[in-house]
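Have a look at structure-v7.cif; it's mmCIF, C-alpha atoms:
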data_start
#
loop_
_atom_site.label_atom_id
_atom_site.label_comp_id
_atom_site.auth_asym_id
_atom_site.auth_seq_id
_atom_site.Cartn_x
_atom_site.Cartn_y
_atom_site.Cartn_z
CA ARG A 135 44.51 -174.26 38.85
CA HIS A 136 45.50 -174.81 42.47
CA GLY A 137 42.36 -176.76 43.36
CA ARG A 138 39.91 -174.31 41.78
CA ALA A 139 37.52 -175.44 39.08
CA THR A 140 37.70 -173.58 35.80
CA ARG A 141 34.40 -172.05 34.72
CA MET A 142 33.45 -170.71 31.33
CA LEU A 143 31.06 -167.77 31.52
CA CYS A 144 28.99 -166.14 28.82
CA LEU A 145 29.15 -162.32 28.86
CA LEU A 146 26.13 -160.62 27.31
CA THR A 147 25.10 -157.02 26.70
CA CYS A 148 21.59 -156.31 25.47
CA ARG A 149 18.97 -153.60 25.15
CA ASN A 150 15.32 -154.28 24.36
CA GLU A 151 15.90 -157.87 23.26
CA ARG A 152 13.11 -159.56 25.23
CA HIS A 153 11.80 -161.48 22.20
CA HIS A 154 15.26 -162.94 21.41
CA LEU A 155 16.35 -163.78 24.95
CA PRO A 156 14.50 -167.08 25.60
CA GLY A 157 16.21 -168.83 22.68
CA TYR A 158 19.55 -167.18 23.33
CA LEU A 159 19.52 -168.07 27.02
CA ALA A 160 18.52 -171.69 26.35
CA ASN A 161 21.40 -172.04 23.88
CA ALA A 162 23.98 -170.26 26.07
CA ALA A 163 22.93 -172.16 29.23
CA ALA A 164 23.68 -175.44 27.46
CA GLN A 165 27.20 -174.31 26.54
CA PHE A 166 28.42 -172.22 29.48
CA ASP A 167 28.68 -172.58 33.24
CA GLY A 168 26.83 -169.31 33.77
CA ILE A 169 25.84 -166.00 32.24
CA VAL A 170 26.74 -162.48 33.33
CA ALA A 171 24.69 -159.82 31.56
CA ILE A 172 24.22 -156.09 31.18
CA ASP A 173 20.75 -154.73 30.50
CA ASP A 174 21.60 -151.40 28.91
CA GLY A 175 18.50 -149.31 29.46
CA SER A 176 15.87 -151.76 28.25
CA THR A 177 12.26 -150.65 28.46
CA ASP A 178 10.74 -153.96 27.32
CA GLY A 179 11.47 -156.09 30.40
CA SER A 180 14.67 -157.68 29.07
CA GLY A 181 16.36 -157.27 32.47
CA ASP A 182 13.55 -159.18 34.18
CA VAL A 183 13.81 -162.04 31.65
CA LEU A 184 17.56 -162.21 32.31
CA ALA A 185 17.17 -162.09 36.09
CA ALA A 186 14.58 -164.89 36.06
CA HIS A 187 16.73 -167.35 34.11
CA PRO A 188 18.50 -169.93 36.31
CA ALA A 189 21.77 -169.79 34.33
CA VAL A 190 22.16 -166.04 34.83
CA ILE A 191 24.57 -165.35 37.68
CA GLU A 192 24.32 -161.57 37.64
CA VAL A 193 22.47 -158.83 35.76
CA LEU A 194 24.01 -155.37 35.74
CA ARG A 195 21.32 -152.81 34.97
CA ILE A 196 21.96 -149.45 33.38
CA ALA A 197 19.00 -147.06 33.64
CA PRO A 198 17.19 -146.00 30.45
CA ARG A 199 18.30 -142.65 29.12
CA GLN A 200 17.64 -140.35 26.19
CA PRO A 201 19.35 -140.31 23.89
CA HIS A 202 20.63 -143.84 24.30
CA ARG A 203 24.31 -144.26 23.48
CA TRP A 204 25.96 -147.67 23.33
CA ASN A 205 29.23 -147.79 25.28
CA GLY A 206 31.04 -151.00 24.38
CA VAL A 207 34.22 -150.08 26.26
CA THR A 208 32.36 -149.52 29.53
CA HIS A 209 30.22 -152.64 28.97
CA ARG A 210 33.30 -154.79 28.45
CA ARG A 211 34.95 -153.44 31.63
CA LEU A 212 31.81 -153.96 33.71
CA LEU A 213 31.28 -157.50 32.41
CA VAL A 214 34.89 -158.59 32.92
CA ASP A 215 34.91 -157.13 36.45
CA ALA A 216 31.64 -158.88 37.32
CA ALA A 217 32.80 -162.19 35.85
CA ALA A 218 36.05 -162.07 37.81
#
Now, as a test, write the supplied structure out as structure tokens.
Amino acid sequence: RHGRATRMLCLLTCRNERHHLPGYLANAAAQFDGIVAIDDGSTDGSGDVLAAHPAVIEVLRIAPRQPHRWNGVTHRRLLVDAAA
């Protein structure tokens, strides 16, 4: 530990989940020291909801694209890098 505090972060990937985010963020904020999120091409304002929440440390935004393809490997790498 060498004098550094340990933090537990929530890592979240979402796309068009605006209606679920308020409850999710309230729950996660009570359990974690912060939230790092990816908004994967949302068109419903999910990224703005994430960015406005006080527990969210960082929102990585991936532009909308057609067709949308989920890329869990890339998401995991981006989230772990941002959390570090």
As a PyMOL selection string, please: the residues near segment 183-196 of chain A (cut-off 7 Å, only C-alpha atoms, same-chain neighbours under 5 positions excluded). chain A and resi 152+163+168-175
Just checking: using only C-alpha atoms, which residue out of A:Ser176, A:Ala164, A:Ala197, A:Leu159 ends up closest to Leu146 of chain A?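 Using only C-alpha atoms, the shortest distance to Leu146 of chain A belongs to A:Leu159.
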Given the point (18.8, -160.9, 26.8) in the file's coordinates, find the residues that have an atom at most 6 Å from it, counting only C-alpha atoms, and give them as a list of chain:residue names. A:Cys148, A:Glu151, A:Leu155, A:Ser180, A:Leu184
Distance atom CA of Asp167 of chain A-atom CA of Ala217 of chain A, one decimal place?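 Between these atoms lies a distance of 11.5 Å.
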Could you please determine the separation between atom CA of Gly179 of chain A and atom CA of Arg149 of chain A in Å, to one decimal place?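 Separation of atom CA of Gly179 of chain A and atom CA of Arg149 of chain A: 9.5 Å.
Atom CA of Leu145 of chain A lies 24.9 Å from atom CA of Gln200 of chain A.
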Compare A:Arg210, A:Pro198, A:Leu143, A:Ala216 by their minimum atom-to-atom distance to Phe166 of chain A, counting only C-alpha atoms, and give me the closest one.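 Going through A:Arg210, A:Pro198, A:Leu143, A:Ala216 one by one, the smallest distance to Phe166 of chain A is for A:Leu143.
You can rank A:Cys144, A:Gly181, A:His153, A:Pro201 by their closest distance to Val214 of chain A using all atoms listed in the file, and at the top of that list sits A:Cys144.
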